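So the structure is just underneath, and the comments pick up after that.
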Amino acid sequence: MVKQNRKIKVICVAAARPNFMKVAPLLEEFRKHQEFKPILVHTGQHYDYNMSSSFFKELNIQKPNYNLGIKAGLHGEQTGRTMIEFEKVCLKEKPQLIIVVGDVNATIACALVASKLHIKIAHIEAGLRSFDRSMPEETNRILTDHISDYLFTSCEDGGKNLLKEGIDKKKIFFVGNIMIDTLFKQQKKSKKSKILKKLGIESKQYALLTLHRPSNVDNKKRLKTLLQTFNIIQKEIRIIYPIHPRTKKRIKEFGFEKYIKKMKNFIITPPLGYLDMICLLDNTKFLMTDSGGTQEESTILKIPCLTLRENTERPITVDIGTNIIVGTNKNKIIKETDKILSGKNKKGKIPSLWDGHTAQRIIKILKKD
Ligand code: UD1
């Protein structure tokens with residue numbers, strides 16, 4: 001990498017809630033290496049206090065040098081606006097490297113801008129594949145990987161996927177899972193969270209739910225089936241659901257509010273901060289989710305996880321972790337729930353290099369080049 005004024009200028013991009021716990025350890029590690037000048041760009045895809053600022057506060061992330069204020073929009077619109085604004089930042093700052101994480105629209109938008117400007121690109125969480133092109137994230141993942149110069153993978157299957165797609169093995173680096181760096185760092189603090197008390201619940205006496213995938217919540221029939229399933233489960237165990245803004249909008253639009261009100265043991269909370277969420281996850285009897293990151297967090301915390309999707313881009317959580325893919329079939333979800341409630345849950349192991357030192361490994365590799 002060309003070193004201007006001796007410092008290597010690196011733009012780190014964060015856009016949406018699942019990105020913040022991935023950039024936090026990276027920025028912290030950069031602070032220990034004076035040869036880098038990190039610049040943080042928040043694209044503003046997520047903007048509510050509890051979807052964004054609360055994470056900056058709790059994870060002690062520096063104030064972004066730029067906030068692009070992109071907010072919501074159709075895919076083309078959101079991606080396009082991110083590109084227009086991010087290009088301006090790149091032209092002004094002239095970084096030698098940009099780092100993008102995960103698979104949100106900003107990941108591909110910013111990588112594409114950098115690629116056209118001949119700026120090197122590092123992609124953290126490269127190689128994950130659901131093999132389901134109906135997911136917007138799958139397109140973002142594939143395209144970002146194919147224009148990146150450093151592909152940092154969180155698990156060995158990620159590397160294999162990349163090799164199969166013809167990516168040069170010299171660009172692929174198995175560094176482990178950066179989100180787990182944050183989880184280990186914050187776990188002690190999360191134990192002090194008052195969220196159980198606030199919600200009036202006790203450890204292992206509830207199930208935790210996350211649900212926001214367009215394929216689950218934008219489809220009226222599927223969302224109805226899922227709610228009917230939760231209605232059955234909440235008769236056995238209380239369900240805690242920190243609701244995502246997308247799902248909240250859809251519930252209102254589809255007129256499901258009345259139905260939910262009748263489910264006395266189905267407790268909806270606003271989106272929660274990182275520490276409260278980890279505390280809830282650490283204490284739950286089991287997790288039901290369609291998120292990506294929580295599948296990994298539950299594997300680390302050895303919490304049984306039922307994934308409400310037909311596939312996962314994180315198969316390691318199924319192969320060696322606590323995850324089971326149940327899809328959106330009512331009978332399958334109830335059957336697996338019953339197994340967990342009767343103590344017959346899957347016991348998982350920890351994937352390799354999910355050890356809290358991923359950011360260190362990434363910076364070591366960047367320093368060598
Ligand atoms: C995005 C990511 C998804 C990720 C998810 C985590 C893409 C294609 N999708 O989906 O991969 O799993 O974030 O949450 O990038 N909203 C608010 N306040 C906010 C943020 C969003 O009200 O702070 C509303 C928006 O106005 C919009 C809806 O929630 O109507 C969806 O937001 P958007 O960022 O478009 O996608 P997500 O569903 O959050």
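Quick note on naming: the chains in the structure tokens go A, B, ... in the order shown, residues restart at 1 in each chain, and ligands are numbered from 1 in order of appearance.
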
Within 8 Å of ligand 1 (only C-alpha atoms and all ligand atoms), residues as a ChimeraX atom specification: /A:16-18,45-52,71-75,78,103-106,136-137,140,212-214,244-247,249,291-292

Which of range 17-213 of chain A fall in strand (DSSP E or B), as a PyMOL selection string
chain A and resi 36-42+66-67+97-101+120-126+150-153+172-174+206-210

message: Please identify the helix (DSSP H, G or I) residues within range 126-319 of chain A (assignment by DSSP from backbone atoms) and present them as a VMD selection string.
response: chain A and resid 136 to 147 156 to 164 169 to 171 178 to 190 195 to 199 214 to 217 220 to 233 245 to 253 257 to 261 274 to 283 293 to 301 316 to 319

Those same residues, written as a short mmCIF file (atom, residue, chain, number, x, y, z; two decimals), in the first residue's frame with C-alpha atoms?
```cif
data_model
loop_
_atom_site.label_atom_id
_atom_site.label_comp_id
_atom_site.auth_asym_id
_atom_site.auth_seq_id
_atom_site.Cartn_x
_atom_site.Cartn_y
_atom_site.Cartn_z
CA PRO A 136 -30.92 -8.85 -1.16
CA GLU A 137 -27.90 -9.56 1.06
CA GLU A 138 -26.76 -12.48 -1.12
CA THR A 139 -26.27 -10.19 -4.12
CA ASN A 140 -24.46 -7.69 -1.88
CA ARG A 141 -22.13 -10.43 -0.57
CA ILE A 142 -21.22 -11.94 -3.92
CA LEU A 143 -20.60 -8.65 -5.70
CA THR A 144 -18.62 -7.15 -2.83
CA ASP A 145 -16.37 -10.21 -2.61
CA HIS A 146 -15.64 -10.14 -6.32
CA ILE A 147 -14.33 -6.57 -6.28
CA GLU A 156 -13.45 -22.03 6.75
CA ASP A 157 -16.53 -22.65 4.61
CA GLY A 158 -16.41 -18.98 3.60
CA GLY A 159 -12.96 -19.50 2.08
CA LYS A 160 -14.14 -22.61 0.24
CA ASN A 161 -17.07 -20.69 -1.29
CA LEU A 162 -14.71 -18.00 -2.53
CA LEU A 163 -12.28 -20.48 -4.10
CA LYS A 164 -15.20 -22.19 -5.89
CA LYS A 169 -6.49 -17.63 -2.81
CA LYS A 170 -3.83 -14.98 -2.13
CA LYS A 171 -6.66 -12.54 -1.38
CA ILE A 178 -15.00 -10.03 14.43
CA MET A 179 -18.45 -9.78 16.06
CA ILE A 180 -17.25 -12.19 18.71
CA ASP A 181 -14.46 -9.72 19.62
CA THR A 182 -17.22 -7.33 20.67
CA LEU A 183 -19.27 -10.01 22.38
CA PHE A 184 -16.35 -11.12 24.58
CA LYS A 185 -15.38 -7.55 25.36
CA GLN A 186 -18.91 -6.53 26.40
CA GLN A 187 -20.14 -9.75 28.03
CA LYS A 188 -19.21 -8.73 31.56
CA LYS A 189 -20.92 -5.37 31.20
CA SER A 190 -24.02 -7.00 29.68
CA ILE A 195 -33.42 -5.63 31.30
CA LEU A 196 -34.70 -8.84 32.96
CA LYS A 197 -35.92 -6.85 35.93
CA LYS A 198 -37.38 -4.16 33.70
CA LEU A 199 -39.38 -6.73 31.74
CA PRO A 214 -38.41 -9.03 4.17
CA SER A 215 -39.17 -12.65 3.14
CA ASN A 216 -40.84 -13.21 6.53
CA VAL A 217 -42.41 -9.90 7.38
CA LYS A 220 -48.79 -11.07 4.78
CA LYS A 221 -49.53 -14.80 4.67
CA ARG A 222 -46.14 -15.81 6.04
CA LEU A 223 -46.19 -13.23 8.80
CA LYS A 224 -49.68 -14.44 9.78
CA THR A 225 -48.50 -18.08 9.95
CA LEU A 226 -45.55 -17.04 12.09
CA LEU A 227 -47.75 -15.06 14.47
CA GLN A 228 -50.11 -18.04 14.75
CA THR A 229 -47.09 -20.19 15.60
CA PHE A 230 -45.91 -17.74 18.27
CA ASN A 231 -49.45 -17.70 19.64
CA ILE A 232 -49.18 -21.45 20.29
CA ILE A 233 -45.66 -21.20 21.76
CA PRO A 245 -39.07 -0.94 12.65
CA ARG A 246 -39.74 -2.84 9.40
CA THR A 247 -41.86 -5.46 11.20
CA LYS A 248 -43.67 -2.82 13.25
CA LYS A 249 -44.73 -1.08 10.05
CA ARG A 250 -45.93 -4.30 8.46
CA ILE A 251 -47.95 -5.43 11.51
CA LYS A 252 -49.81 -2.14 11.39
CA GLU A 253 -50.27 -2.25 7.61
CA GLU A 257 -52.21 -5.48 15.98
CA LYS A 258 -55.48 -6.76 17.46
CA TYR A 259 -54.38 -10.39 17.09
CA ILE A 260 -51.08 -9.68 18.87
CA LYS A 261 -52.82 -7.84 21.72
CA TYR A 274 -26.41 -4.06 22.50
CA LEU A 275 -25.90 -4.76 26.21
CA ASP A 276 -29.57 -5.42 26.93
CA MET A 277 -29.83 -7.66 23.88
CA ILE A 278 -26.78 -9.74 24.84
CA CYS A 279 -28.11 -10.03 28.38
CA LEU A 280 -31.47 -11.28 27.06
CA LEU A 281 -29.72 -13.72 24.75
CA ASP A 282 -27.43 -15.01 27.48
CA ASN A 283 -30.41 -15.74 29.74
CA GLY A 293 -25.55 -12.24 13.66
CA THR A 294 -27.69 -13.64 16.45
CA GLN A 295 -27.30 -17.15 15.02
CA GLU A 296 -23.57 -16.72 15.66
CA GLU A 297 -23.96 -15.09 19.05
CA SER A 298 -26.22 -17.91 20.25
CA THR A 299 -23.64 -20.47 19.14
CA ILE A 300 -20.98 -18.73 21.24
CA LEU A 301 -23.28 -18.45 24.25
CA ILE A 316 -21.09 -23.45 10.73
CA THR A 317 -23.65 -22.49 13.38
CA VAL A 318 -25.68 -25.53 12.28
CA ASP A 319 -22.76 -27.93 11.65
#
```

So, counting only C-alpha atoms, which residue among A:Ile363, A:Cys12, A:Ile243, A:Met83 is closest to Leu117 in chain A?
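So, comparing all the options, the nearest one is A:Met83.
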
* Asked: Counting only C-alpha atoms, what is within 6 Å of Ala126 in chain A, bar same-chain residues fewer than 6 positions away, as a ChimeraX atom specification?
  -> /A:151-153

For all heavy atoms, I'd like the residues from the last selection saved as a PDB file, in the first residue's frame.
```pdb
ATOM      1  N   LEU A 151     -10.072 -10.410   1.397  1.00  0.00           N
ATOM      2  CA  LEU A 151     -11.320 -11.055   1.793  1.00  0.00           C
ATOM      3  C   LEU A 151     -11.094 -11.739   3.131  1.00  0.00           C
ATOM      4  O   LEU A 151     -10.425 -12.773   3.219  1.00  0.00           O
ATOM      5  CB  LEU A 151     -11.760 -12.037   0.708  1.00  0.00           C
ATOM      6  CG  LEU A 151     -12.122 -11.288  -0.590  1.00  0.00           C
ATOM      7  CD1 LEU A 151     -11.127 -11.547  -1.677  1.00  0.00           C
ATOM      8  CD2 LEU A 151     -13.511 -11.624  -1.043  1.00  0.00           C
ATOM      9  N   PHE A 152     -11.588 -11.110   4.178  1.00  0.00           N
ATOM     10  CA  PHE A 152     -11.403 -11.628   5.531  1.00  0.00           C
ATOM     11  C   PHE A 152     -12.601 -12.521   5.880  1.00  0.00           C
ATOM     12  O   PHE A 152     -13.731 -12.033   5.967  1.00  0.00           O
ATOM     13  CB  PHE A 152     -11.279 -10.473   6.523  1.00  0.00           C
ATOM     14  CG  PHE A 152     -10.017  -9.664   6.325  1.00  0.00           C
ATOM     15  CD1 PHE A 152     -10.075  -8.315   5.981  1.00  0.00           C
ATOM     16  CD2 PHE A 152      -8.773 -10.255   6.472  1.00  0.00           C
ATOM     17  CE1 PHE A 152      -8.916  -7.572   5.807  1.00  0.00           C
ATOM     18  CE2 PHE A 152      -7.595  -9.520   6.303  1.00  0.00           C
ATOM     19  CZ  PHE A 152      -7.668  -8.179   5.962  1.00  0.00           C
ATOM     20  N   THR A 153     -12.334 -13.807   6.068  1.00  0.00           N
ATOM     21  CA  THR A 153     -13.438 -14.738   6.303  1.00  0.00           C
ATOM     22  C   THR A 153     -13.555 -15.088   7.787  1.00  0.00           C
ATOM     23  O   THR A 153     -12.562 -15.115   8.519  1.00  0.00           O
ATOM     24  CB  THR A 153     -13.268 -16.037   5.485  1.00  0.00           C
ATOM     25  OG1 THR A 153     -12.057 -16.668   5.885  1.00  0.00           O
ATOM     26  CG2 THR A 153     -13.227 -15.758   3.996  1.00  0.00           C
TER      27      THR A 153
END
```

For Lys204 in chain A, find every residue with an atom within 8 Å (counting only C-alpha atoms), except residues of its own chain fewer than 6 positions away, and show them as JSON, numbers by chain. {"A": [283, 284, 285, 286]}

Interatomic distance, CA of Ile172 in chain A to CA of Leu366 in chain A (Å, one decimal)
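A separation of 12.4 Å between them.
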
From CA of Glu202 in chain A to CA of Lys330 in chain A the spacing works out at 26.6 Å

Residue nearest Ile362 in chain A - candidates A:Ser193, A:Thr210, A:Gln205, A:Ser154, atoms counted: only C-alpha atoms =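 Answer, going by the shortest atom-to-atom distance: A:Ser154.
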
For Ile84 in chain A, find every residue with an atom within 10 Å (counting only C-alpha atoms), except residues of its own chain fewer than 5 positions away, and show them as JSON, numbers by chain. {"A": [68, 79, 89, 109, 110, 113]}

Just N, CA and C atoms for this one: save the residues we selected as a short mmCIF file (atom, residue, chain, number, x, y, z; two decimals), in the first residue's frame.
```
data_model
loop_
_atom_site.label_atom_id
_atom_site.label_comp_id
_atom_site.auth_asym_id
_atom_site.auth_seq_id
_atom_site.Cartn_x
_atom_site.Cartn_y
_atom_site.Cartn_z
N LEU A 68 -23.60 10.26 6.20
CA LEU A 68 -24.14 10.55 4.87
C LEU A 68 -25.66 10.73 4.88
N THR A 79 -29.07 2.37 -2.45
CA THR A 79 -27.72 2.04 -2.89
C THR A 79 -27.14 3.20 -3.71
N VAL A 89 -16.89 11.69 -0.51
CA VAL A 89 -15.95 11.53 0.62
C VAL A 89 -14.63 10.95 0.13
N ALA A 109 -22.49 -0.74 -2.07
CA ALA A 109 -22.46 0.62 -2.61
C ALA A 109 -21.07 1.24 -2.45
N CYS A 110 -20.53 1.15 -1.26
CA CYS A 110 -19.24 1.78 -0.98
C CYS A 110 -18.09 1.02 -1.66
N VAL A 113 -17.99 2.06 -5.32
CA VAL A 113 -17.38 3.39 -5.50
C VAL A 113 -15.86 3.28 -5.42
#
```

Residue contacts of Phe266 in chain A (10 Å, only C-alpha atoms) excluding same-chain residues fewer than 2 positions away, as a PyMOL selection string: chain A and resi 206-207+209+227+230-231+233-235+237-241+260-264+268-269

Can you pull out the residues contacting Ile61 in chain A? Cut-off 9 Å, using only C-alpha atoms, and skip same-chain residues under 2 positions away; I want them as a list in words.
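With the cut-off at 9 Å, the set is Phe20, Val23, Ala24, Pro25, Leu27, Glu28, Phe55, Phe56, Lys57, Glu58, Leu59, Lys63 and Pro64 of chain A.
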
* Between CA of Lys37 in chain A and CA of Ile11 in chain A, what is the distance, to one decimal in Å? ->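 It comes out at 8.5 Å.
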
From the set A:Ala14, A:Leu208, A:Ile325, A:Ile334, which residue has the shortest atom-to-atom contact distance to Thr312 in chain A, counting only C-alpha atoms?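 Nearest to Thr312 in chain A: A:Ile325.
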